[in-house]
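Engineer: Following this line is query_36.json, made up of JSON, C-alpha atoms and all ligand atoms:
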[["chain", "number", "residue", "atom", "x", "y", "z"],
["A", 1, "MET", "CA", 134.97, 118.47, 49.57],
["A", 2, "THR", "CA", 133.16, 121.49, 50.90],
["A", 3, "ALA", "CA", 131.39, 121.33, 54.23],
["A", 4, "GLU", "CA", 127.61, 121.39, 54.42],
["A", 5, "LEU", "CA", 126.45, 124.78, 55.65],
["A", 6, "ILE", "CA", 124.32, 124.77, 58.80],
["A", 7, "SER", "CA", 122.02, 127.74, 58.30],
["A", 8, "GLY", "CA", 120.80, 129.37, 61.50],
["A", 9, "THR", "CA", 118.73, 131.72, 59.39],
["A", 10, "GLN", "CA", 116.83, 128.78, 57.89],
["A", 11, "ILE", "CA", 116.39, 126.80, 61.11],
["A", 12, "ARG", "CA", 115.31, 129.95, 62.90],
["A", 13, "LYS", "CA", 112.50, 130.33, 60.34],
["A", 14, "GLU", "CA", 111.21, 126.84, 61.14],
["A", 15, "ILE", "CA", 111.27, 127.51, 64.88],
["A", 16, "LEU", "CA", 109.56, 130.90, 64.56],
["A", 17, "ALA", "CA", 106.80, 129.38, 62.42],
["A", 18, "GLU", "CA", 106.15, 126.82, 65.19],
["A", 19, "LEU", "CA", 106.11, 129.57, 67.81],
["A", 20, "ALA", "CA", 103.77, 131.84, 65.80],
["A", 21, "GLU", "CA", 101.27, 128.99, 65.75],
["A", 22, "GLU", "CA", 101.52, 128.62, 69.53],
["A", 23, "VAL", "CA", 101.01, 132.34, 70.03],
["A", 24, "ARG", "CA", 97.85, 132.16, 67.91],
["A", 25, "LYS", "CA", 96.51, 129.35, 70.11],
["A", 26, "MET", "CA", 97.46, 131.23, 73.27],
["A", 27, "LYS", "CA", 95.65, 134.37, 72.15],
["A", 28, "ALA", "CA", 92.54, 132.40, 71.19],
["A", 29, "LYS", "CA", 92.46, 130.63, 74.54],
["A", 30, "HIS", "CA", 93.64, 133.31, 76.96],
["A", 31, "GLY", "CA", 93.14, 136.61, 75.13],
["A", 32, "ARG", "CA", 96.78, 137.56, 75.25],
["A", 33, "GLY", "CA", 100.15, 136.59, 73.79],
["A", 34, "PRO", "CA", 103.51, 136.38, 75.57],
["A", 35, "GLY", "CA", 104.88, 139.60, 77.06],
["A", 36, "LEU", "CA", 108.58, 140.43, 76.80],
["A", 37, "VAL", "CA", 110.39, 143.49, 78.13],
["A", 38, "THR", "CA", 113.88, 144.38, 76.98],
["A", 39, "ILE", "CA", 115.71, 146.81, 79.23],
["A", 40, "LEU", "CA", 118.52, 148.65, 77.51],
["A", 41, "VAL", "CA", 120.84, 150.86, 79.54],
["A", 42, "GLY", "CA", 122.81, 153.44, 77.55],
["A", 43, "GLU", "CA", 123.47, 153.50, 73.82],
["A", 44, "ASN", "CA", 126.07, 150.83, 72.97],
["A", 45, "PRO", "CA", 125.68, 150.43, 69.16],
["A", 46, "ALA", "CA", 126.03, 146.62, 69.20],
["A", 47, "SER", "CA", 123.40, 146.38, 71.96],
["A", 48, "ILE", "CA", 121.03, 148.65, 70.05],
["A", 49, "SER", "CA", 121.37, 146.44, 66.98],
["A", 50, "TYR", "CA", 120.65, 143.19, 68.93],
["A", 51, "VAL", "CA", 117.74, 144.76, 70.78],
["A", 52, "THR", "CA", 116.25, 146.01, 67.51],
["A", 53, "LEU", "CA", 116.41, 142.46, 66.11],
["A", 54, "LYS", "CA", 114.73, 141.07, 69.23],
["A", 55, "ILE", "CA", 111.90, 143.61, 69.10],
["A", 56, "LYS", "CA", 111.31, 142.96, 65.41],
["A", 57, "THR", "CA", 111.11, 139.20, 65.97],
["A", 58, "ALA", "CA", 108.84, 139.52, 69.01],
["A", 59, "GLU", "CA", 106.47, 141.77, 67.09],
["A", 60, "GLU", "CA", 106.38, 139.40, 64.11],
["A", 61, "LEU", "CA", 105.31, 136.63, 66.47],
["A", 62, "GLY", "CA", 102.54, 138.72, 68.00],
["A", 63, "PHE", "CA", 104.12, 139.23, 71.40],
["A", 64, "HIS", "CA", 103.24, 142.09, 73.67],
["A", 65, "GLU", "CA", 106.62, 143.80, 73.47],
["A", 66, "VAL", "CA", 107.94, 146.53, 75.74],
["A", 67, "GLN", "CA", 111.19, 148.29, 74.94],
["A", 68, "ASP", "CA", 112.45, 150.14, 78.01],
["A", 69, "SER", "CA", 115.46, 152.34, 77.28],
["A", 70, "GLN", "CA", 117.23, 153.88, 80.25],
["A", 71, "PRO", "CA", 119.94, 156.55, 80.40],
["A", 72, "VAL", "CA", 123.54, 155.37, 80.82],
["A", 73, "ASP", "CA", 123.71, 157.07, 84.26],
["A", 74, "ILE", "CA", 120.63, 155.38, 85.77],
["A", 75, "SER", "CA", 121.40, 154.43, 89.38],
["A", 76, "GLU", "CA", 121.64, 150.82, 90.48],
["A", 77, "ALA", "CA", 118.69, 151.34, 92.84],
["A", 78, "ASP", "CA", 116.51, 152.74, 90.05],
["A", 79, "LEU", "CA", 117.37, 149.84, 87.75],
["A", 80, "LEU", "CA", 116.57, 147.32, 90.50],
["A", 81, "ALA", "CA", 113.25, 149.10, 91.14],
["A", 82, "LEU", "CA", 112.44, 148.92, 87.44],
["A", 83, "ILE", "CA", 113.09, 145.18, 87.39],
["A", 84, "ASP", "CA", 110.86, 144.79, 90.41],
["A", 85, "LYS", "CA", 108.08, 146.63, 88.60],
["A", 86, "TYR", "CA", 108.23, 144.12, 85.73],
["A", 87, "ASN", "CA", 108.54, 141.19, 88.15],
["A", 88, "ASN", "CA", 105.13, 142.22, 89.47],
["A", 89, "ASP", "CA", 103.52, 142.96, 86.09],
["A", 90, "PRO", "CA", 101.19, 140.05, 85.22],
["A", 91, "THR", "CA", 101.31, 140.86, 81.46],
["A", 92, "ILE", "CA", 105.10, 140.38, 81.36],
["A", 93, "ASP", "CA", 106.45, 136.82, 81.00],
["A", 94, "GLY", "CA", 110.05, 137.58, 80.13],
["A", 95, "ILE", "CA", 112.51, 140.20, 81.38],
["A", 96, "LEU", "CA", 115.78, 140.71, 79.59],
["A", 97, "VAL", "CA", 118.42, 143.21, 80.68],
["A", 98, "GLN", "CA", 120.71, 143.63, 77.69],
["A", 99, "LEU", "CA", 124.34, 143.04, 78.66],
["A", 100, "PRO", "CA", 126.82, 144.59, 79.10],
["A", 101, "ILE", "CA", 125.53, 147.19, 81.56],
["A", 102, "PRO", "CA", 127.54, 150.25, 82.74],
["A", 103, "LYS", "CA", 130.37, 149.63, 85.22],
["A", 104, "HIS", "CA", 128.79, 151.59, 88.10],
["A", 105, "ILE", "CA", 126.05, 148.95, 88.32],
["A", 106, "ASP", "CA", 126.69, 145.50, 89.81],
["A", 107, "GLU", "CA", 125.72, 143.05, 87.09],
["A", 108, "LYS", "CA", 125.34, 140.19, 89.56],
["A", 109, "LYS", "CA", 122.82, 142.16, 91.65],
["A", 110, "VAL", "CA", 120.83, 142.98, 88.54],
["A", 111, "LEU", "CA", 120.68, 139.39, 87.27],
["A", 112, "ASN", "CA", 119.78, 138.13, 90.74],
["A", 113, "ALA", "CA", 116.91, 140.64, 90.95],
["A", 114, "ILE", "CA", 115.02, 139.16, 87.99],
["A", 115, "ASP", "CA", 112.29, 136.71, 89.00],
["A", 116, "PRO", "CA", 113.74, 133.30, 88.00],
["A", 117, "ASP", "CA", 110.35, 132.44, 86.49],
["A", 118, "LYS", "CA", 110.64, 135.45, 84.14],
["A", 119, "ASP", "CA", 114.35, 134.99, 83.46],
["A", 120, "VAL", "CA", 114.04, 133.96, 79.80],
["A", 121, "ASP", "CA", 117.79, 134.55, 79.33],
["A", 122, "GLY", "CA", 118.46, 131.73, 81.82],
["A", 123, "PHE", "CA", 121.14, 133.78, 83.60],
["A", 124, "HIS", "CA", 119.72, 133.74, 87.16],
["A", 125, "PRO", "CA", 121.61, 131.40, 89.54],
["A", 126, "VAL", "CA", 118.40, 129.39, 90.05],
["A", 127, "ASN", "CA", 118.20, 128.68, 86.32],
["A", 128, "VAL", "CA", 121.93, 128.01, 86.13],
["A", 129, "GLY", "CA", 121.43, 125.48, 88.91],
["A", 130, "ARG", "CA", 118.46, 123.88, 87.13],
["A", 131, "LEU", "CA", 120.62, 123.54, 84.03],
["A", 132, "MET", "CA", 123.30, 121.74, 86.04],
["A", 133, "ILE", "CA", 120.70, 119.26, 87.35],
["A", 134, "GLY", "CA", 119.40, 118.75, 83.81],
["A", 135, "GLY", "CA", 116.40, 116.86, 82.46],
["A", 136, "SER", "CA", 112.94, 118.15, 83.28],
["A", 137, "GLU", "CA", 114.45, 120.44, 85.93],
["A", 138, "VAL", "CA", 115.58, 122.81, 83.16],
["A", 139, "LYS", "CA", 113.08, 125.62, 82.70],
["A", 140, "TYR", "CA", 114.86, 128.29, 80.67],
["A", 141, "PRO", "CA", 118.03, 127.02, 79.02],
["A", 142, "PRO", "CA", 120.34, 129.94, 78.15],
["A", 143, "CYS", "CA", 119.52, 131.08, 74.61],
["A", 144, "THR", "CA", 122.86, 130.83, 72.81],
["A", 145, "PRO", "CA", 123.70, 127.31, 74.10],
["A", 146, "ALA", "CA", 120.13, 126.16, 73.40],
["A", 147, "GLY", "CA", 120.48, 127.49, 69.86],
["A", 148, "ILE", "CA", 123.81, 125.71, 69.41],
["A", 149, "GLN", "CA", 122.33, 122.39, 70.54],
["A", 150, "GLU", "CA", 119.39, 122.88, 68.20],
["A", 151, "LEU", "CA", 121.77, 123.51, 65.26],
["A", 152, "ILE", "CA", 123.76, 120.38, 66.09],
["A", 153, "VAL", "CA", 120.65, 118.20, 66.34],
["A", 154, "ARG", "CA", 118.81, 119.62, 63.32],
["A", 155, "SER", "CA", 121.94, 119.27, 61.16],
["A", 156, "GLY", "CA", 121.81, 115.52, 61.81],
["A", 157, "THR", "CA", 125.07, 115.40, 63.77],
["A", 158, "GLU", "CA", 125.36, 112.39, 66.11],
["A", 159, "THR", "CA", 126.01, 113.60, 69.67],
["A", 160, "SER", "CA", 125.88, 110.37, 71.66],
["A", 161, "GLY", "CA", 129.44, 109.31, 72.47],
["A", 162, "ALA", "CA", 130.84, 112.12, 70.32],
["A", 163, "GLU", "CA", 133.95, 114.05, 71.34],
["A", 164, "VAL", "CA", 132.82, 117.63, 71.92],
["A", 165, "VAL", "CA", 135.46, 120.29, 72.45],
["A", 166, "VAL", "CA", 134.28, 123.69, 73.68],
["A", 167, "VAL", "CA", 136.69, 126.58, 73.24],
["A", 168, "GLY", "CA", 135.80, 129.22, 75.84],
["A", 169, "ARG", "CA", 134.47, 129.07, 79.39],
["A", 170, "SER", "CA", 132.11, 132.02, 79.72],
["A", 171, "ASN", "CA", 128.99, 131.84, 81.88],
["A", 172, "ILE", "CA", 126.75, 132.57, 78.91],
["A", 173, "VAL", "CA", 128.18, 130.14, 76.34],
["A", 174, "GLY", "CA", 131.17, 127.91, 77.16],
["A", 175, "LYS", "CA", 130.23, 126.61, 80.60],
["A", 176, "PRO", "CA", 126.52, 125.99, 79.91],
["A", 177, "ILE", "CA", 126.94, 124.38, 76.47],
["A", 178, "ALA", "CA", 129.60, 122.05, 77.88],
["A", 179, "MET", "CA", 127.23, 120.96, 80.65],
["A", 180, "MET", "CA", 124.31, 120.54, 78.25],
["A", 181, "MET", "CA", 126.26, 118.32, 75.85],
["A", 182, "ALA", "CA", 127.52, 116.14, 78.70],
["A", 183, "GLN", "CA", 124.04, 115.60, 80.18],
["A", 184, "LYS", "CA", 122.07, 112.42, 79.77],
["A", 185, "GLY", "CA", 119.43, 112.65, 77.04],
["A", 186, "PRO", "CA", 118.74, 113.25, 73.37],
["A", 187, "GLY", "CA", 121.01, 115.74, 71.60],
["A", 188, "ALA", "CA", 123.61, 115.18, 74.33],
["A", 189, "ASN", "CA", 125.42, 112.16, 75.91],
["A", 190, "SER", "CA", 128.70, 113.55, 74.58],
["A", 191, "THR", "CA", 132.23, 113.37, 75.96],
["A", 192, "VAL", "CA", 133.11, 117.00, 76.65],
["A", 193, "THR", "CA", 136.39, 118.87, 76.98],
["A", 194, "ILE", "CA", 136.50, 122.57, 77.87],
["A", 195, "VAL", "CA", 139.57, 124.44, 76.65],
["A", 196, "HIS", "CA", 140.54, 128.10, 76.83],
["A", 197, "THR", "CA", 143.35, 130.53, 76.16],
["A", 198, "ARG", "CA", 145.58, 129.05, 78.88],
["A", 199, "THR", "CA", 145.17, 125.47, 77.66],
["A", 200, "LYS", "CA", 148.40, 123.80, 76.56],
["A", 201, "ASP", "CA", 148.26, 122.77, 72.92],
["A", 202, "LEU", "CA", 144.83, 124.06, 71.98],
["A", 203, "ALA", "CA", 145.32, 122.76, 68.46],
["A", 204, "ALA", "CA", 145.70, 119.12, 69.57],
["A", 205, "HIS", "CA", 142.48, 119.27, 71.62],
["A", 206, "CYS", "CA", 140.50, 120.86, 68.79],
["A", 207, "LYS", "CA", 141.80, 118.28, 66.35],
["A", 208, "ARG", "CA", 140.18, 115.47, 68.42],
["A", 209, "ALA", "CA", 136.73, 117.03, 68.23],
["A", 210, "ASP", "CA", 133.85, 115.43, 66.35],
["A", 211, "ILE", "CA", 131.93, 118.56, 67.33],
["A", 212, "LEU", "CA", 133.96, 121.75, 67.79],
["A", 213, "ILE", "CA", 132.17, 124.66, 69.48],
["A", 214, "VAL", "CA", 134.14, 127.89, 69.45],
["A", 215, "ALA", "CA", 133.13, 130.78, 71.69],
["A", 216, "ALA", "CA", 136.36, 132.61, 72.44],
["A", 217, "GLY", "CA", 135.72, 136.03, 70.93],
["A", 218, "VAL", "CA", 138.97, 135.99, 68.95],
["A", 219, "PRO", "CA", 138.61, 136.43, 65.17],
["A", 220, "ASP", "CA", 140.09, 133.56, 63.14],
["A", 221, "LEU", "CA", 141.45, 131.84, 66.28],
["A", 222, "VAL", "CA", 140.77, 128.35, 64.93],
["A", 223, "LYS", "CA", 142.97, 127.40, 61.98],
["A", 224, "PRO", "CA", 141.97, 124.84, 59.34],
["A", 225, "GLU", "CA", 144.66, 122.39, 60.50],
["A", 226, "TRP", "CA", 143.01, 122.31, 63.96],
["A", 227, "ILE", "CA", 139.89, 120.72, 62.51],
["A", 228, "LYS", "CA", 139.31, 116.98, 62.26],
["A", 229, "PRO", "CA", 138.21, 116.11, 58.74],
["A", 230, "GLY", "CA", 134.44, 115.73, 58.65],
["A", 231, "ALA", "CA", 133.84, 117.40, 62.03],
["A", 232, "THR", "CA", 130.85, 119.62, 62.81],
["A", 233, "VAL", "CA", 132.08, 123.14, 63.57],
["A", 234, "ILE", "CA", 129.90, 125.64, 65.44],
["A", 235, "ASP", "CA", 131.27, 129.17, 65.39],
["A", 236, "VAL", "CA", 129.83, 131.35, 68.14],
["A", 237, "GLY", "CA", 132.14, 134.33, 67.57],
["A", 238, "VAL", "CA", 130.54, 137.65, 66.64],
["A", 239, "ASN", "CA", 133.53, 139.91, 66.05],
["A", 240, "ARG", "CA", 133.04, 143.32, 64.53],
["A", 241, "VAL", "CA", 136.14, 143.65, 62.38],
["A", 242, "GLY", "CA", 135.25, 146.75, 60.37],
["A", 243, "VAL", "CA", 132.52, 148.73, 58.66],
["A", 244, "ASN", "CA", 131.18, 148.21, 55.15],
["A", 245, "GLU", "CA", 131.88, 151.50, 53.29],
["A", 246, "THR", "CA", 128.72, 151.41, 51.19],
["A", 247, "THR", "CA", 126.10, 150.14, 53.67],
["A", 248, "GLY", "CA", 127.67, 151.56, 56.84],
["A", 249, "LYS", "CA", 126.96, 148.22, 58.57],
["A", 250, "ALA", "CA", 129.44, 146.36, 60.75],
["A", 251, "ILE", "CA", 131.43, 143.57, 59.10],
["A", 252, "LEU", "CA", 131.13, 140.42, 61.25],
["A", 253, "LYS", "CA", 133.67, 137.64, 61.52],
["A", 254, "GLY", "CA", 133.60, 134.45, 63.54],
["A", 255, "ASP", "CA", 136.29, 132.78, 65.67],
["A", 256, "VAL", "CA", 136.99, 130.25, 62.90],
["A", 257, "ASP", "CA", 138.79, 130.91, 59.61],
["A", 258, "PHE", "CA", 135.61, 130.02, 57.70],
["A", 259, "GLU", "CA", 136.88, 130.02, 54.10],
["A", 260, "GLU", "CA", 139.63, 127.53, 54.89],
["A", 261, "ALA", "CA", 137.76, 125.56, 57.56],
["A", 262, "LYS", "CA", 134.90, 124.70, 55.24],
["A", 263, "LYS", "CA", 137.31, 122.72, 53.06],
["A", 264, "ILE", "CA", 137.97, 120.34, 55.98],
["A", 265, "ALA", "CA", 134.87, 120.31, 58.19],
["A", 266, "GLY", "CA", 131.86, 118.09, 57.44],
["A", 267, "LYS", "CA", 129.35, 120.69, 58.57],
["A", 268, "ILE", "CA", 129.92, 124.31, 59.59],
["A", 269, "THR", "CA", 127.97, 127.38, 60.70],
["A", 270, "PRO", "CA", 128.61, 130.74, 59.00],
["A", 271, "VAL", "CA", 128.95, 134.12, 60.71],
["A", 272, "PRO", "CA", 126.63, 135.92, 60.28],
["A", 273, "GLY", "CA", 123.68, 133.61, 59.72],
["A", 274, "GLY", "CA", 124.67, 130.79, 62.09],
["A", 275, "VAL", "CA", 124.36, 130.88, 65.88],
["A", 276, "GLY", "CA", 123.25, 134.55, 66.13],
["A", 277, "PRO", "CA", 119.78, 134.14, 64.63],
["A", 278, "MET", "CA", 119.24, 131.03, 66.80],
["A", 279, "THR", "CA", 119.92, 132.98, 70.00],
["A", 280, "ILE", "CA", 116.95, 135.22, 69.33],
["A", 281, "ALA", "CA", 114.73, 132.31, 68.28],
["A", 282, "MET", "CA", 115.47, 130.53, 71.59],
["A", 283, "LEU", "CA", 114.70, 133.69, 73.55],
["A", 284, "MET", "CA", 111.30, 133.72, 71.89],
["A", 285, "LYS", "CA", 110.84, 130.03, 72.67],
["A", 286, "ASN", "CA", 111.63, 130.60, 76.35],
["A", 287, "THR", "CA", 109.21, 133.52, 76.49],
["A", 288, "VAL", "CA", 106.40, 131.45, 74.96],
["A", 289, "LYS", "CA", 107.12, 128.71, 77.51],
["A", 290, "SER", "CA", 107.04, 131.22, 80.36],
["A", 291, "ALA", "CA", 103.69, 132.57, 79.16],
["A", 292, "TRP", "CA", 102.15, 129.07, 79.01],
["A", 293, "LEU", "CA", 103.43, 128.31, 82.51],
["A", 294, "ARG", "CA", 101.95, 131.57, 83.81],
["A", 295, "LEU", "CA", 98.61, 131.13, 82.06],
["A", 296, "GLU", "CA", 97.95, 127.47, 82.79],
["B", 301, "LIG", "N1", 120.86, 139.81, 78.35],
["B", 301, "LIG", "C1", 121.43, 139.49, 77.18],
["B", 301, "LIG", "N2", 120.95, 138.45, 76.46],
["B", 301, "LIG", "C2", 121.50, 138.11, 75.26],
["B", 301, "LIG", "O1", 121.07, 137.14, 74.61],
["B", 301, "LIG", "C3", 122.59, 138.90, 74.76],
["B", 301, "LIG", "C4", 123.05, 139.96, 75.54],
["B", 301, "LIG", "N3", 122.46, 140.22, 76.74],
["B", 301, "LIG", "N4", 124.08, 140.72, 75.12],
["B", 301, "LIG", "C5", 124.72, 140.49, 73.83],
["B", 301, "LIG", "C6", 124.60, 139.07, 73.36],
["B", 301, "LIG", "C7", 124.82, 138.88, 71.86],
["B", 301, "LIG", "N5", 123.56, 138.40, 71.34],
["B", 301, "LIG", "C8", 123.29, 138.20, 69.98],
["B", 301, "LIG", "C9", 122.01, 138.11, 69.49],
["B", 301, "LIG", "C10", 121.76, 137.99, 68.13],
["B", 301, "LIG", "C11", 122.79, 137.95, 67.22],
["B", 301, "LIG", "C12", 122.48, 137.87, 65.78],
["B", 301, "LIG", "O2", 121.34, 137.70, 65.35],
["B", 301, "LIG", "N6", 123.49, 137.98, 64.92],
["B", 301, "LIG", "C13", 123.33, 137.98, 63.47],
["B", 301, "LIG", "C14", 123.91, 139.25, 62.86],
["B", 301, "LIG", "C15", 123.37, 140.51, 63.46],
["B", 301, "LIG", "C16", 124.20, 141.75, 63.15],
["B", 301, "LIG", "O3", 124.34, 142.08, 61.95],
["B", 301, "LIG", "O4", 124.71, 142.38, 64.10],
["B", 301, "LIG", "C17", 124.05, 136.78, 62.88],
["B", 301, "LIG", "O5", 124.98, 136.27, 63.50],
["B", 301, "LIG", "O6", 123.68, 136.40, 61.77],
["B", 301, "LIG", "C18", 124.08, 138.00, 67.69],
["B", 301, "LIG", "C19", 124.33, 138.11, 69.05],
["B", 301, "LIG", "C20", 122.65, 138.31, 72.35],
["B", 301, "LIG", "N7", 123.20, 138.65, 73.54]]
Could I get this file's structure written as structure tokens?

Structural biologist:
Amino acid sequence: MTAELISGTQIRKEILAELAEEVRKMKAKHGRGPGLVTILVGENPASISYVTLKIKTAEELGFHEVQDSQPVDISEADLLALIDKYNNDPTIDGILVQLPIPKHIDEKKVLNAIDPDKDVDGFHPVNVGRLMIGGSEVKYPPCTPAGIQELIVRSGTETSGAEVVVVGRSNIVGKPIAMMMAQKGPGANSTVTIVHTRTKDLAAHCKRADILIVAAGVPDLVKPEWIKPGATVIDVGVNRVGVNETTGKAILKGDVDFEEAKKIAGKITPVPGGVGPMTIAMLMKNTVKSAWLRLE
């Protein structure tokens, strides 16, 4: 048996079509679409490629899109002042500072400076707190975890009472997705275990999972024999393992040995084409929500 492929590329299309319709309505009613600014500091090639994808998607949806590129040696004070400018700009609904930022700038200070009501990444402590409370308190769920939950639900995977094992405990993926799956409510109600590189017997924990979410950043970490037959496997890894000689593009690999895992899993996400495209779709969704909240 070969696992059913969960296509982020396909599901993303459905979500973007829904959002495009909302943007049309918003423009008709209020004379403007959602405004999103992406602040990019320096010239990290991976960051440039993500930001390019974000801009392209925002433009397709009819957003008012501002790309603000800053030199790698911008001072912390100047970056904070820039964020403040966008906090006070009524045409901007979402502010995203592409991470990572250079070491001489305190990332925490930067994330804390963004108005929580424009924090469409969901990284501000206020939004992290809202996520912990759950339910209607949640305003901007972080984009990658929101995309993961959407993939799980839209693939028809039962979450209520399911054993979910999350590999990785980062602030942007592991911790929030674990909390979201454990919450009360649709697409959640799961029994959640968080494991990481210091966990004893990682394999045994993974093997119990009905839903295995892997966000460790280690290529091919999860072996086929770690997967429970029929499980839903969500691979969040985006590892650049080389460069394609003919196209010059990066070769991406997930944290799961995909070719072998798909023989055992029930449903599985590919890399690329799985979680990545969903992250951007959820960013757009949060920005549309922010615009509605600001306009009405
Ligand atoms: N403030 C901030 N917010 C972020 O949301 C954020 C960030 N910083 N820093 C970096 C990570 C990473 N990230 C991805 C977005 C899209 C794909 C994506 O679309 N990936 C495609 C492949 C794209 C490619 O070829 O590189 C795929 O998996 O199919 C992946 C990863 C957002 N991030």

Engineer: Which protein, DNA or RNA residues are at most 9 Å from (111.8, 129.2, 65.5) in the file's coordinates when you count all atoms listed in the file, listed as a ChimeraX atom specification?

Structural biologist: /A:11-20,278,280-282,284-285

Engineer: Go through A:Asn44, A:Thr279, A:Thr52, A:Thr197 one by one, measure the shortest atom-to-atom distance of each to Pro100 of chain A using only C-alpha atoms, and give the residue with the smallest value.

Structural biologist: A:Asn44

Engineer: Taking all atoms listed in the file into account, which of A:Ala113, A:Leu212, A:Leu99, A:Ile227 comes nearest Ser47 of chain A?

Structural biologist: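 The closest residue to Ser47 of chain A is A:Leu99.
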
Engineer: When you draw a straight line from atom CA of Trp226 of chain A to atom CA of Ile251 of chain A, how long is it in Å?

Structural biologist: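 Between atom CA of Trp226 of chain A and atom CA of Ile251 of chain A the gap is 24.7 Å.
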
Engineer: Within 7 Å of ligand LIG 301 (chain B), counting all atoms listed in the file: which residues, as a PyMOL selection string?

Structural biologist: chain A and resi 46-47+49-50+53+96-100+121+143-144+238+250+271-277+279-280

Engineer: Between A:Pro34, A:Pro71, A:Pro102, A:Gly174, which is the closest to Ala58 of chain A once you count only C-alpha atoms?

Structural biologist: A:Pro34

Engineer: Nearest to Glu65 of chain A: which of A:Gly254, A:Gly8, A:Gly33, A:Pro90 is it, counting all atoms listed in the file?

Structural biologist: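 Once distances to Glu65 of chain A are computed over all atoms listed in the file, the minimum belongs to A:Gly33.
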
Engineer: Just the number, please: distance in Å from atom CA of Gln70 of chain A to atom CA of Glu43 of chain A, one decimal.

Structural biologist: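 According to the coordinates, atom CA of Gln70 of chain A and atom CA of Glu43 of chain A are separated by 9.0 Å.
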
Engineer: Using only C-alpha atoms, which of the listed residues (A:Val128, A:Leu36, A:Val192, A:Val214) sits closest to Gly94 of chain A?

Structural biologist: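 Among the listed residues, A:Leu36 lies closest to Gly94 of chain A.
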
Engineer: Atom CA of Arg169 of chain A and atom CA of Ile83 of chain A are how many Å apart?

Structural biologist: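 It comes out at 27.9 Å.
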
Engineer: With only C-alpha atoms as the basis for distance, which of A:Glu21, A:Asp89, A:Asp257, A:Asp119 is at the shortest distance from Glu225 of chain A?

Structural biologist: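 Using only C-alpha atoms, Glu225 of chain A sits closest to A:Asp257.
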
Engineer: Skipping near chain neighbours, those fewer than 2 positions away, what residues fall within 12 Å of Val72 of chain A using only C-alpha atoms, listed as a list in words?

Structural biologist: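 Close residues of Val72 of chain A: Ile39, Leu40, Val41, Gly42, Glu43, Asn44, Ser69, Gln70, Ile74, Ser75, Glu76, Asp78, Leu79, Pro100, Ile101, Pro102, Lys103, His104 and Ile105 of chain A.
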
Engineer: Write a file of the selected residues as a short mmCIF file (atom, residue, chain, number, x, y, z; two decimals), keeping the file's coordinate frame, keeping C-alpha atoms.

Structural biologist:
data_model
loop_
_atom_site.label_atom_id
_atom_site.label_comp_id
_atom_site.auth_asym_id
_atom_site.auth_seq_id
_atom_site.Cartn_x
_atom_site.Cartn_y
_atom_site.Cartn_z
CA ILE A 39 115.71 146.81 79.23
CA LEU A 40 118.52 148.65 77.51
CA VAL A 41 120.84 150.86 79.54
CA GLY A 42 122.81 153.44 77.55
CA GLU A 43 123.47 153.50 73.82
CA ASN A 44 126.07 150.83 72.97
CA SER A 69 115.46 152.34 77.28
CA GLN A 70 117.23 153.88 80.25
CA ILE A 74 120.63 155.38 85.77
CA SER A 75 121.40 154.43 89.38
CA GLU A 76 121.64 150.82 90.48
CA ASP A 78 116.51 152.74 90.05
CA LEU A 79 117.37 149.84 87.75
CA PRO A 100 126.82 144.59 79.10
CA ILE A 101 125.53 147.19 81.56
CA PRO A 102 127.54 150.25 82.74
CA LYS A 103 130.37 149.63 85.22
CA HIS A 104 128.79 151.59 88.10
CA ILE A 105 126.05 148.95 88.32
#

Engineer: How would you write as a ChimeraX atom specification the residues that get within 12 Å of (113.1, 125.5, 82.1) in the file's frame, counting all atoms listed in the file?

Structural biologist: /A:116-124,126-143,146,282-283,285-290,292-293

Engineer: Would you export the selected residues with C-alpha atoms as a compact mmCIF listing (two decimals), keeping the file's coordinate frame, please?

Structural biologist:
# COMPACT_ATOMS: atom_id res chain seq x y z
CA PRO A 116 113.74 133.30 88.00
CA ASP A 117 110.35 132.44 86.49
CA LYS A 118 110.64 135.45 84.14
CA ASP A 119 114.35 134.99 83.46
CA VAL A 120 114.04 133.96 79.80
CA ASP A 121 117.79 134.55 79.33
CA GLY A 122 118.46 131.73 81.82
CA PHE A 123 121.14 133.78 83.60
CA HIS A 124 119.72 133.74 87.16
CA VAL A 126 118.40 129.39 90.05
CA ASN A 127 118.20 128.68 86.32
CA VAL A 128 121.93 128.01 86.13
CA GLY A 129 121.43 125.48 88.91
CA ARG A 130 118.46 123.88 87.13
CA LEU A 131 120.62 123.54 84.03
CA MET A 132 123.30 121.74 86.04
CA ILE A 133 120.70 119.26 87.35
CA GLY A 134 119.40 118.75 83.81
CA GLY A 135 116.40 116.86 82.46
CA SER A 136 112.94 118.15 83.28
CA GLU A 137 114.45 120.44 85.93
CA VAL A 138 115.58 122.81 83.16
CA LYS A 139 113.08 125.62 82.70
CA TYR A 140 114.86 128.29 80.67
CA PRO A 141 118.03 127.02 79.02
CA PRO A 142 120.34 129.94 78.15
CA CYS A 143 119.52 131.08 74.61
CA ALA A 146 120.13 126.16 73.40
CA MET A 282 115.47 130.53 71.59
CA LEU A 283 114.70 133.69 73.55
CA LYS A 285 110.84 130.03 72.67
CA ASN A 286 111.63 130.60 76.35
CA THR A 287 109.21 133.52 76.49
CA VAL A 288 106.40 131.45 74.96
CA LYS A 289 107.12 128.71 77.51
CA SER A 290 107.04 131.22 80.36
CA TRP A 292 102.15 129.07 79.01
CA LEU A 293 103.43 128.31 82.51

Engineer: Env of Ile211 of chain A: 8 Å cut, atoms = all atoms listed in the file, seq-sep filter 5 positions within chain, self excluded. Answer as a list in words.

Structural biologist: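 Those residues are Ala162, Glu163, Val164, Val165, Ala231, Thr232, Val233 and Ile234 of chain A.
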
Engineer: Applying 12 Å and only C-alpha atoms, which residues near Arg198 of chain A remain after dropping the ones on its own chain fewer than 5 positions away? List them as a compact mmCIF listing (two decimals) with C-alpha atoms, in the frame of the given file.

Structural biologist:
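Saved the output as around05.txt:
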# COMPACT_ATOMS: atom_id res chain seq x y z
CA VAL A 167 136.69 126.58 73.24
CA GLY A 168 135.80 129.22 75.84
CA ARG A 169 134.47 129.07 79.39
CA ALA A 216 136.36 132.61 72.44
